[in-house]
Amino acid sequence: MEPALRTGNTEPPDDLREALRRLAAARESLARVEADFAAYCRQLAAFASDYRLHLGDACEELDRLSAQLEALLTQRLSQRKARRRTIPRRTPAARTFASTVTALALSLRDLYRIAARRFHPDLACGAADRDWRAAMMRRVNAAFAQGDSATLQTLLDQPAATHPIPSSRLAAIEFEIAQTLARIADVNATREQMEASDIGQLHAQATAEGQDPIAFLRRLAAAARTEILEKRALLAELTSPEPSP
């Protein structure tokens, strides 16, 4: 809720009214961004579940066959100068579900970028807040330099209530505006990372131009089955006894 604007019949100063207007706009933007992000997460989770249902077994078999073929060809090439064979390149359908889930995890650099957006001193409201942000950024930079993703995640998980709040009313409003905008940047950065992941890109392809995601997955499953047959045939050829000279 917005703080009271009036004391008796006294109108708030122009700068306070403007700050409250910007705060209301920032809150509205945050609510919209968070609602869109929540909807996207639900869509991506449903698509990932459908992906596992339609392609999970096929992808596991493709991985197994690919590993067998690679090991067999490596062994043969090391034993004699055999004729080079080309293993069919894996299609997007051949990506394992585990790899797509792993791709959703934020990298060290991604965590650093999000932390920098949240704690950067340029977002400070007042000297005390700037000092606190500068101290947080030193911890962020140290964790990044050491490759410490766990510490970066811990810093990002700190609740907003732990932040120092400016004492004056106008400064407090400006502080909340800065925090709201930082939260919007965090949500957008996380969504961009999810969209750039394997499963995110596959979801974008599946939903492009209004096509049916299930039909898209079924086509990938058919391509995976064809690739399985090709790999099985190649494996059988490579493991069959060679004719006597």
# chains A, B, ... in the order shown; residues from 1 in each chain; ligands from 1
call {"tool": "residues_around", "arguments": {"residues": "range 148-157 of chain A", "least_positions_apart": "5", "cutoff": "12 Å", "atoms": "only C-alpha atoms", "output": "CSV table (one decimal) with C-alpha atoms, in the first residue's frame"}}
result
chain,number,residue,atom,x,y,z
A,105,ALA,CA,21.0,-24.2,-14.4
A,106,LEU,CA,22.6,-20.7,-14.1
A,107,SER,CA,26.3,-20.6,-14.8
A,108,LEU,CA,28.8,-18.7,-12.6
A,109,ARG,CA,28.8,-15.8,-15.1
A,110,ASP,CA,25.0,-15.6,-15.1
A,111,LEU,CA,24.8,-15.5,-11.3
A,112,TYR,CA,27.4,-12.7,-11.3
A,113,ARG,CA,25.4,-10.7,-13.9
A,114,ILE,CA,22.2,-11.0,-11.8
A,115,ALA,CA,24.0,-10.1,-8.6
A,116,ALA,CA,25.7,-7.1,-10.2
A,117,ARG,CA,22.3,-5.9,-11.3
A,118,ARG,CA,20.9,-6.3,-7.9
A,119,PHE,CA,23.7,-4.9,-5.7
A,133,ARG,CA,25.9,-2.0,-1.9
A,135,ALA,CA,30.3,-4.0,0.4
A,136,MET,CA,28.0,-6.5,-1.3
A,137,MET,CA,29.6,-5.9,-4.6
A,138,ARG,CA,33.0,-6.6,-3.1
A,139,ARG,CA,31.7,-10.0,-1.9
A,140,VAL,CA,30.1,-10.7,-5.3
A,141,ASN,CA,33.4,-9.9,-7.1
A,142,ALA,CA,35.4,-12.0,-4.7
A,143,ALA,CA,33.0,-15.0,-5.1
A,162,THR,CA,17.7,-7.3,5.2
A,163,HIS,CA,18.5,-4.2,3.1
A,182,ALA,CA,16.3,-4.4,-9.8
A,183,ARG,CA,13.8,-7.2,-9.2
A,186,ASP,CA,16.5,-10.2,-12.1
call {"tool": "residues_around", "arguments": {"residues": "Leu69 in chain A", "least_positions_apart": "6", "cutoff": "9 Å", "atoms": "only C-alpha atoms", "output": "PyMOL selection string"}}
result
chain A and resi 87+231+234-235+238
call {"tool": "write_last_selection", "arguments": {"atoms": "N, CA and C atoms", "output": "PDB file, in the first residue's frame"}}
result
ATOM      1  N   ILE A  87      29.647 -41.493 -38.099  1.00  0.00           N
ATOM      2  CA  ILE A  87      28.450 -41.769 -37.294  1.00  0.00           C
ATOM      3  C   ILE A  87      27.429 -40.670 -37.587  1.00  0.00           C
ATOM      4  N   LYS A 231      21.384 -46.336 -36.506  1.00  0.00           N
ATOM      5  CA  LYS A 231      22.505 -46.650 -35.624  1.00  0.00           C
ATOM      6  C   LYS A 231      22.559 -48.142 -35.316  1.00  0.00           C
ATOM      7  N   LEU A 234      24.097 -49.808 -38.314  1.00  0.00           N
ATOM      8  CA  LEU A 234      25.532 -49.566 -38.381  1.00  0.00           C
ATOM      9  C   LEU A 234      26.271 -50.373 -37.327  1.00  0.00           C
ATOM     10  N   LEU A 235      25.696 -50.458 -36.141  1.00  0.00           N
ATOM     11  CA  LEU A 235      26.318 -51.234 -35.073  1.00  0.00           C
ATOM     12  C   LEU A 235      26.368 -52.717 -35.441  1.00  0.00           C
ATOM     13  N   LEU A 238      29.126 -53.270 -37.963  1.00  0.00           N
ATOM     14  CA  LEU A 238      30.468 -53.189 -37.403  1.00  0.00           C
ATOM     15  C   LEU A 238      30.801 -54.383 -36.513  1.00  0.00           C
TER      16      LEU A 238
END
call {"tool": "residues_around", "arguments": {"residues": "Pro213 in chain A", "least_positions_apart": "3", "cutoff": "10 Å", "atoms": "only C-alpha atoms", "output": "JSON, numbers by chain"}}
result
{"A": [47, 50, 51, 202, 203, 204, 205, 206, 207, 208, 210, 216, 217, 218, 219]}
call {"tool": "closest_residue", "arguments": {"among": "A:Leu220, A:Ala236, A:Ile173, A:Ala185", "to": "Leu16 in chain A", "atoms": "only C-alpha atoms"}}
result
A:Ile173
call {"tool": "residues_around", "arguments": {"residues": "Ala24 in chain A", "least_positions_apart": "5", "cutoff": "12 Å", "atoms": "only C-alpha atoms", "output": "ChimeraX atom specification"}}
result
/A:1-3,17-19,29-31,173-174,176-177,180-181
call {"tool": "closest_residue", "arguments": {"among": "A:Ala215, A:Ala45, A:Val187, A:Ile228", "to": "Ile199 in chain A", "atoms": "only C-alpha atoms"}}
result
A:Ala45
call {"tool": "atom_distance", "arguments": {"atom1": "CA of Ala58 in chain A", "atom2": "CA of Arg225 in chain A"}}
result
6.8 Å
call {"tool": "atom_distance", "arguments": {"atom1": "CA of Glu227 in chain A", "atom2": "CA of Leu77 in chain A"}}
result
23.5 Å
call {"tool": "atom_distance", "arguments": {"atom1": "CA of Thr190 in chain A", "atom2": "CA of Leu44 in chain A"}}
result
13.3 Å
